[in-house]
file query-v2.pdb (PDB, N, CA and C atoms, pLDDT in the B column)
MODEL        1
ATOM      1  N   MET F   7      36.036 -14.677  30.613  1.00 83.00           N
ATOM      2  CA  MET F   7      36.494 -13.415  31.154  1.00 83.00           C
ATOM      3  C   MET F   7      35.556 -12.282  30.733  1.00 83.00           C
ATOM      4  N   TYR F   8      35.142 -12.288  29.473  1.00 87.00           N
ATOM      5  CA  TYR F   8      34.330 -11.188  28.973  1.00 87.00           C
ATOM      6  C   TYR F   8      32.952 -11.175  29.631  1.00 87.00           C
ATOM      7  N   ARG F   9      32.412 -12.347  29.827  1.00 91.00           N
ATOM      8  CA  ARG F   9      31.111 -12.457  30.510  1.00 91.00           C
ATOM      9  C   ARG F   9      31.227 -11.969  31.956  1.00 91.00           C
ATOM     10  N   ARG F  10      32.360 -12.284  32.587  1.00 93.00           N
ATOM     11  CA  ARG F  10      32.528 -11.878  33.987  1.00 93.00           C
ATOM     12  C   ARG F  10      32.597 -10.371  34.146  1.00 93.00           C
ATOM     13  N   ILE F  11      33.293  -9.685  33.237  1.00 95.00           N
ATOM     14  CA  ILE F  11      33.351  -8.227  33.420  1.00 95.00           C
ATOM     15  C   ILE F  11      31.986  -7.602  33.158  1.00 95.00           C
ATOM     16  N   ARG F  12      31.219  -8.192  32.260  1.00 96.00           N
ATOM     17  CA  ARG F  12      29.854  -7.695  32.049  1.00 96.00           C
ATOM     18  C   ARG F  12      28.989  -7.964  33.281  1.00 96.00           C
ATOM     19  N   ASP F  13      29.077  -9.171  33.824  1.00 95.00           N
ATOM     20  CA  ASP F  13      28.283  -9.500  35.007  1.00 95.00           C
ATOM     21  C   ASP F  13      28.652  -8.618  36.201  1.00 95.00           C
ATOM     22  N   LEU F  14      29.932  -8.369  36.396  1.00 95.00           N
ATOM     23  CA  LEU F  14      30.362  -7.495  37.496  1.00 95.00           C
ATOM     24  C   LEU F  14      29.777  -6.095  37.320  1.00 95.00           C
ATOM     25  N   ARG F  15      29.792  -5.595  36.102  1.00 95.00           N
ATOM     26  CA  ARG F  15      29.222  -4.267  35.830  1.00 95.00           C
ATOM     27  C   ARG F  15      27.719  -4.261  36.084  1.00 95.00           C
ATOM     28  N   GLU F  16      27.036  -5.264  35.577  1.00 96.00           N
ATOM     29  CA  GLU F  16      25.581  -5.313  35.729  1.00 96.00           C
ATOM     30  C   GLU F  16      25.160  -5.522  37.181  1.00 96.00           C
ATOM     31  N   ASP F  17      25.959  -6.254  37.953  1.00 94.00           N
ATOM     32  CA  ASP F  17      25.647  -6.445  39.371  1.00 94.00           C
ATOM     33  C   ASP F  17      25.594  -5.120  40.125  1.00 94.00           C
ATOM     34  N   ARG F  18      26.319  -4.140  39.638  1.00 94.00           N
ATOM     35  CA  ARG F  18      26.335  -2.811  40.275  1.00 94.00           C
ATOM     36  C   ARG F  18      25.390  -1.834  39.580  1.00 94.00           C
ATOM     37  N   ASP F  19      24.671  -2.326  38.594  1.00 97.00           N
ATOM     38  CA  ASP F  19      23.754  -1.475  37.820  1.00 97.00           C
ATOM     39  C   ASP F  19      24.468  -0.292  37.185  1.00 97.00           C
ATOM     40  N   TRP F  20      25.680  -0.539  36.708  1.00 97.00           N
ATOM     41  CA  TRP F  20      26.447   0.489  36.018  1.00 97.00           C
ATOM     42  C   TRP F  20      26.287   0.328  34.519  1.00 97.00           C
ATOM     43  N   THR F  21      26.384   1.436  33.820  1.00 97.00           N
ATOM     44  CA  THR F  21      26.387   1.394  32.366  1.00 97.00           C
ATOM     45  C   THR F  21      27.822   1.190  31.873  1.00 97.00           C
ATOM     46  N   GLN F  22      27.933   0.813  30.625  1.00 97.00           N
ATOM     47  CA  GLN F  22      29.267   0.712  30.037  1.00 97.00           C
ATOM     48  C   GLN F  22      29.966   2.070  30.065  1.00 97.00           C
ATOM     49  N   ALA F  23      29.219   3.130  29.845  1.00 97.00           N
ATOM     50  CA  ALA F  23      29.801   4.478  29.850  1.00 97.00           C
ATOM     51  C   ALA F  23      30.377   4.828  31.218  1.00 97.00           C
ATOM     52  N   GLN F  24      29.699   4.408  32.287  1.00 97.00           N
ATOM     53  CA  GLN F  24      30.200   4.696  33.633  1.00 97.00           C
ATOM     54  C   GLN F  24      31.512   3.973  33.899  1.00 97.00           C
ATOM     55  N   VAL F  25      31.585   2.710  33.512  1.00 97.00           N
ATOM     56  CA  VAL F  25      32.818   1.948  33.710  1.00 97.00           C
ATOM     57  C   VAL F  25      33.920   2.529  32.827  1.00 97.00           C
ATOM     58  N   ALA F  26      33.594   2.852  31.598  1.00 97.00           N
ATOM     59  CA  ALA F  26      34.582   3.426  30.681  1.00 97.00           C
ATOM     60  C   ALA F  26      35.170   4.716  31.246  1.00 97.00           C
ATOM     61  N   LYS F  27      34.339   5.512  31.870  1.00 97.00           N
ATOM     62  CA  LYS F  27      34.830   6.764  32.468  1.00 97.00           C
ATOM     63  C   LYS F  27      35.858   6.461  33.552  1.00 97.00           C
ATOM     64  N   HIS F  28      35.595   5.465  34.390  1.00 95.00           N
ATOM     65  CA  HIS F  28      36.543   5.072  35.444  1.00 95.00           C
ATOM     66  C   HIS F  28      37.860   4.564  34.837  1.00 95.00           C
ATOM     67  N   LEU F  29      37.759   3.927  33.678  1.00 96.00           N
ATOM     68  CA  LEU F  29      38.944   3.350  33.033  1.00 96.00           C
ATOM     69  C   LEU F  29      39.645   4.335  32.103  1.00 96.00           C
ATOM     70  N   ASN F  30      39.027   5.502  31.940  1.00 96.00           N
ATOM     71  CA  ASN F  30      39.576   6.535  31.056  1.00 96.00           C
ATOM     72  C   ASN F  30      39.670   6.047  29.608  1.00 96.00           C
ATOM     73  N   CYS F  31      38.584   5.421  29.156  1.00 96.00           N
ATOM     74  CA  CYS F  31      38.498   4.994  27.762  1.00 96.00           C
ATOM     75  C   CYS F  31      37.086   5.305  27.269  1.00 96.00           C
ATOM     76  N   SER F  32      36.841   5.111  26.014  1.00 97.00           N
ATOM     77  CA  SER F  32      35.511   5.375  25.471  1.00 97.00           C
ATOM     78  C   SER F  32      34.566   4.202  25.779  1.00 97.00           C
ATOM     79  N   GLN F  33      33.284   4.488  25.676  1.00 97.00           N
ATOM     80  CA  GLN F  33      32.280   3.443  25.884  1.00 97.00           C
ATOM     81  C   GLN F  33      32.433   2.362  24.823  1.00 97.00           C
ATOM     82  N   GLN F  34      32.764   2.751  23.603  1.00 97.00           N
ATOM     83  CA  GLN F  34      32.916   1.780  22.517  1.00 97.00           C
ATOM     84  C   GLN F  34      34.086   0.834  22.780  1.00 97.00           C
ATOM     85  N   VAL F  35      35.197   1.369  23.275  1.00 97.00           N
ATOM     86  CA  VAL F  35      36.354   0.527  23.593  1.00 97.00           C
ATOM     87  C   VAL F  35      35.971  -0.454  24.699  1.00 97.00           C
ATOM     88  N   TYR F  36      35.297   0.053  25.743  1.00 97.00           N
ATOM     89  CA  TYR F  36      34.891  -0.840  26.822  1.00 97.00           C
ATOM     90  C   TYR F  36      33.912  -1.903  26.325  1.00 97.00           C
ATOM     91  N   SER F  37      32.990  -1.515  25.467  1.00 97.00           N
ATOM     92  CA  SER F  37      32.048  -2.477  24.890  1.00 97.00           C
ATOM     93  C   SER F  37      32.797  -3.579  24.150  1.00 97.00           C
ATOM     94  N   ASN F  38      33.834  -3.205  23.427  1.00 96.00           N
ATOM     95  CA  ASN F  38      34.639  -4.200  22.715  1.00 96.00           C
ATOM     96  C   ASN F  38      35.328  -5.153  23.685  1.00 96.00           C
ATOM     97  N   TYR F  39      35.721  -4.679  24.859  1.00 96.00           N
ATOM     98  CA  TYR F  39      36.290  -5.575  25.877  1.00 96.00           C
ATOM     99  C   TYR F  39      35.247  -6.602  26.305  1.00 96.00           C
ATOM    100  N   GLU F  40      34.034  -6.133  26.604  1.00 95.00           N
ATOM    101  CA  GLU F  40      32.974  -7.036  27.061  1.00 95.00           C
ATOM    102  C   GLU F  40      32.587  -8.050  25.991  1.00 95.00           C
ATOM    103  N   LEU F  41      32.646  -7.655  24.750  1.00 95.00           N
ATOM    104  CA  LEU F  41      32.269  -8.545  23.653  1.00 95.00           C
ATOM    105  C   LEU F  41      33.399  -9.462  23.212  1.00 95.00           C
ATOM    106  N   GLY F  42      34.587  -9.256  23.773  1.00 93.00           N
ATOM    107  CA  GLY F  42      35.733 -10.074  23.398  1.00 93.00           C
ATOM    108  C   GLY F  42      36.297  -9.706  22.041  1.00 93.00           C
ATOM    109  N   GLN F  43      35.956  -8.532  21.554  1.00 94.00           N
ATOM    110  CA  GLN F  43      36.438  -8.079  20.251  1.00 94.00           C
ATOM    111  C   GLN F  43      37.769  -7.344  20.349  1.00 94.00           C
ATOM    112  N   ARG F  44      38.195  -7.104  21.559  1.00 93.00           N
ATOM    113  CA  ARG F  44      39.448  -6.390  21.787  1.00 93.00           C
ATOM    114  C   ARG F  44      40.108  -6.996  23.013  1.00 93.00           C
ATOM    115  N   ASP F  45      41.400  -7.267  22.929  1.00 93.00           N
ATOM    116  CA  ASP F  45      42.135  -7.775  24.090  1.00 93.00           C
ATOM    117  C   ASP F  45      42.167  -6.720  25.177  1.00 93.00           C
ATOM    118  N   ILE F  46      42.079  -7.175  26.419  1.00 95.00           N
ATOM    119  CA  ILE F  46      42.098  -6.258  27.546  1.00 95.00           C
ATOM    120  C   ILE F  46      43.540  -6.077  28.001  1.00 95.00           C
ATOM    121  N   PRO F  47      44.068  -4.856  27.916  1.00 95.00           N
ATOM    122  CA  PRO F  47      45.438  -4.615  28.366  1.00 95.00           C
ATOM    123  C   PRO F  47      45.577  -4.890  29.873  1.00 95.00           C
ATOM    124  N   THR F  48      46.764  -5.254  30.269  1.00 95.00           N
ATOM    125  CA  THR F  48      47.021  -5.586  31.672  1.00 95.00           C
ATOM    126  C   THR F  48      46.616  -4.451  32.602  1.00 95.00           C
ATOM    127  N   GLN F  49      46.936  -3.226  32.251  1.00 96.00           N
ATOM    128  CA  GLN F  49      46.588  -2.097  33.120  1.00 96.00           C
ATOM    129  C   GLN F  49      45.080  -1.952  33.276  1.00 96.00           C
ATOM    130  N   ILE F  50      44.339  -2.207  32.228  1.00 95.00           N
ATOM    131  CA  ILE F  50      42.876  -2.135  32.298  1.00 95.00           C
ATOM    132  C   ILE F  50      42.341  -3.293  33.138  1.00 95.00           C
ATOM    133  N   LEU F  51      42.917  -4.461  32.980  1.00 95.00           N
ATOM    134  CA  LEU F  51      42.510  -5.623  33.769  1.00 95.00           C
ATOM    135  C   LEU F  51      42.713  -5.355  35.264  1.00 95.00           C
ATOM    136  N   LEU F  52      43.855  -4.789  35.610  1.00 94.00           N
ATOM    137  CA  LEU F  52      44.128  -4.439  37.013  1.00 94.00           C
ATOM    138  C   LEU F  52      43.144  -3.375  37.510  1.00 94.00           C
ATOM    139  N   ALA F  53      42.857  -2.397  36.672  1.00 96.00           N
ATOM    140  CA  ALA F  53      41.914  -1.340  37.054  1.00 96.00           C
ATOM    141  C   ALA F  53      40.511  -1.905  37.249  1.00 96.00           C
ATOM    142  N   LEU F  54      40.106  -2.846  36.403  1.00 95.00           N
ATOM    143  CA  LEU F  54      38.795  -3.485  36.577  1.00 95.00           C
ATOM    144  C   LEU F  54      38.721  -4.261  37.883  1.00 95.00           C
ATOM    145  N   ALA F  55      39.785  -4.968  38.224  1.00 94.00           N
ATOM    146  CA  ALA F  55      39.808  -5.720  39.486  1.00 94.00           C
ATOM    147  C   ALA F  55      39.672  -4.769  40.674  1.00 94.00           C
ATOM    148  N   ARG F  56      40.391  -3.663  40.626  1.00 94.00           N
ATOM    149  CA  ARG F  56      40.283  -2.670  41.720  1.00 94.00           C
ATOM    150  C   ARG F  56      38.890  -2.060  41.762  1.00 94.00           C
ATOM    151  N   LEU F  57      38.372  -1.695  40.605  1.00 94.00           N
ATOM    152  CA  LEU F  57      37.059  -1.060  40.515  1.00 94.00           C
ATOM    153  C   LEU F  57      35.964  -1.954  41.096  1.00 94.00           C
ATOM    154  N   HIS F  58      36.048  -3.244  40.815  1.00 94.00           N
ATOM    155  CA  HIS F  58      35.021  -4.180  41.265  1.00 94.00           C
ATOM    156  C   HIS F  58      35.392  -4.895  42.567  1.00 94.00           C
ATOM    157  N   ASN F  59      36.521  -4.517  43.141  1.00 92.00           N
ATOM    158  CA  ASN F  59      36.984  -5.117  44.399  1.00 92.00           C
ATOM    159  C   ASN F  59      37.011  -6.646  44.296  1.00 92.00           C
ATOM    160  N   THR F  60      37.673  -7.111  43.263  1.00 93.00           N
ATOM    161  CA  THR F  60      37.803  -8.537  43.036  1.00 93.00           C
ATOM    162  C   THR F  60      39.227  -8.835  42.592  1.00 93.00           C
ATOM    163  N   SER F  61      39.515 -10.087  42.381  1.00 92.00           N
ATOM    164  CA  SER F  61      40.863 -10.460  41.953  1.00 92.00           C
ATOM    165  C   SER F  61      40.928 -10.573  40.431  1.00 92.00           C
ATOM    166  N   VAL F  62      42.104 -10.371  39.908  1.00 92.00           N
ATOM    167  CA  VAL F  62      42.331 -10.585  38.479  1.00 92.00           C
ATOM    168  C   VAL F  62      42.054 -12.047  38.144  1.00 92.00           C
ATOM    169  N   ASP F  63      42.426 -12.948  39.041  1.00 92.00           N
ATOM    170  CA  ASP F  63      42.156 -14.370  38.815  1.00 92.00           C
ATOM    171  C   ASP F  63      40.662 -14.631  38.617  1.00 92.00           C
ATOM    172  N   TYR F  64      39.820 -13.961  39.390  1.00 93.00           N
ATOM    173  CA  TYR F  64      38.376 -14.142  39.217  1.00 93.00           C
ATOM    174  C   TYR F  64      37.937 -13.667  37.828  1.00 93.00           C
ATOM    175  N   ILE F  65      38.413 -12.498  37.436  1.00 93.00           N
ATOM    176  CA  ILE F  65      38.042 -11.970  36.124  1.00 93.00           C
ATOM    177  C   ILE F  65      38.499 -12.910  35.007  1.00 93.00           C
ATOM    178  N   LEU F  66      39.680 -13.469  35.159  1.00 92.00           N
ATOM    179  CA  LEU F  66      40.222 -14.363  34.140  1.00 92.00           C
ATOM    180  C   LEU F  66      39.596 -15.753  34.157  1.00 92.00           C
ATOM    181  N   GLY F  67      38.805 -16.055  35.187  1.00 90.00           N
ATOM    182  CA  GLY F  67      38.160 -17.356  35.271  1.00 90.00           C
ATOM    183  C   GLY F  67      38.987 -18.397  35.997  1.00 90.00           C
ATOM    184  N   ASN F  68      40.044 -17.968  36.681  1.00 87.00           N
ATOM    185  CA  ASN F  68      40.910 -18.894  37.416  1.00 87.00           C
ATOM    186  C   ASN F  68      40.504 -19.062  38.874  1.00 87.00           C
ATOM    187  N   ALA F  69      39.474 -18.357  39.306  1.00 84.00           N
ATOM    188  CA  ALA F  69      38.973 -18.461  40.683  1.00 84.00           C
ATOM    189  C   ALA F  69      37.460 -18.346  40.648  1.00 84.00           C
ATOM    190  N   GLU F  70      36.804 -19.081  41.524  1.00 81.00           N
ATOM    191  CA  GLU F  70      35.343 -19.034  41.593  1.00 81.00           C
ATOM    192  C   GLU F  70      34.843 -17.957  42.559  1.00 81.00           C
ATOM    193  N   ASN F  71      35.666 -17.585  43.519  1.00 76.00           N
ATOM    194  CA  ASN F  71      35.291 -16.599  44.515  1.00 76.00           C
ATOM    195  C   ASN F  71      35.586 -15.201  43.988  1.00 76.00           C
ATOM    196  N   PRO F  72      34.583 -14.324  43.900  1.00 75.00           N
ATOM    197  CA  PRO F  72      34.821 -13.000  43.341  1.00 75.00           C
ATOM    198  C   PRO F  72      35.582 -12.049  44.262  1.00 75.00           C
ATOM    199  N   LYS F  73      35.757 -12.394  45.499  1.00 74.00           N
ATOM    200  CA  LYS F  73      36.456 -11.500  46.417  1.00 74.00           C
ATOM    201  C   LYS F  73      37.969 -11.640  46.262  1.00 74.00           C
ATOM    202  N   PRO F  74      38.680 -10.537  46.478  1.00 68.00           N
ATOM    203  CA  PRO F  74      40.147 -10.598  46.348  1.00 68.00           C
ATOM    204  C   PRO F  74      40.766 -11.454  47.455  1.00 68.00           C
ATOM    205  N   TYR F  75      41.958 -11.933  47.151  1.00 53.00           N
ATOM    206  CA  TYR F  75      42.697 -12.693  48.146  1.00 53.00           C
ATOM    207  C   TYR F  75      43.140 -11.767  49.259  1.00 53.00           C
ATOM    208  N   LYS F  76      43.134 -12.289  50.482  1.00 55.00           N
ATOM    209  CA  LYS F  76      43.617 -11.506  51.632  1.00 55.00           C
ATOM    210  C   LYS F  76      44.853 -12.198  52.163  1.00 55.00           C
ATOM    211  N   SER F  77      45.863 -11.399  52.447  1.00 44.00           N
ATOM    212  CA  SER F  77      47.091 -11.992  52.969  1.00 44.00           C
ATOM    213  C   SER F  77      47.175 -11.842  54.464  1.00 44.00           C
TER     214      SER F  77
ENDMDL
END

call {"tool": "encode", "arguments": {"input": "query-v2.pdb", "output": "structure tokens"}}
result
Amino acid sequence: MYRRIRDLREDRDWTQAQVAKHLNCSQQVYSNYELGQRDIPTQILLALARLHNTSVDYILGNAENPKPYKS
């Protein structure tokens, strides 16, 4: 999961500070999420999925396709 959120960020050429601003947290807190040093709260996980236009399942490693499910 931690590698995926880093890869999603890097694919967009965003800095940790830019993502942290979208999540309303500090760059250090976001860095700790990417490093797996801090658990990612559910609300942050949902916000990351929306920000990257992907599914929570993809971020968690339960899906190989990065695109969200369509109903």

call {"tool": "resolve_selection", "arguments": {"input": "query-v2.pdb", "expression": "the PyMOL selection byres ((chain F and resi 39-55) around 8)", "output": "ChimeraX atom specification"}}
result
/F:7-12,28-29,33-38,56-63,65

call {"tool": "atom_distance", "arguments": {"input": "query-v2.pdb", "atom1": "atom CA of Asp19 of chain F", "atom2": "atom CA of Cys31 of chain F"}}
result
19.0 Å

call {"tool": "resolve_selection", "arguments": {"input": "query-v2.pdb", "expression": "the PyMOL selection byres ((chain F and resi 22) around 7)", "output": "PyMOL selection string"}}
result
chain F and resi 20-21+23-27+32-33+36-37

call {"tool": "atom_distance", "arguments": {"input": "query-v2.pdb", "atom1": "atom CA of Lys73 of chain F", "atom2": "atom N of Asn30 of chain F"}}
result
22.5 Å

call {"tool": "select_by_dssp", "arguments": {"input": "query-v2.pdb", "residues": "chain F", "states": "helix (DSSP H, G or I)", "output": "PyMOL selection string"}}
result
chain F and resi 8-17+22-29+33-41+48-57+62-66
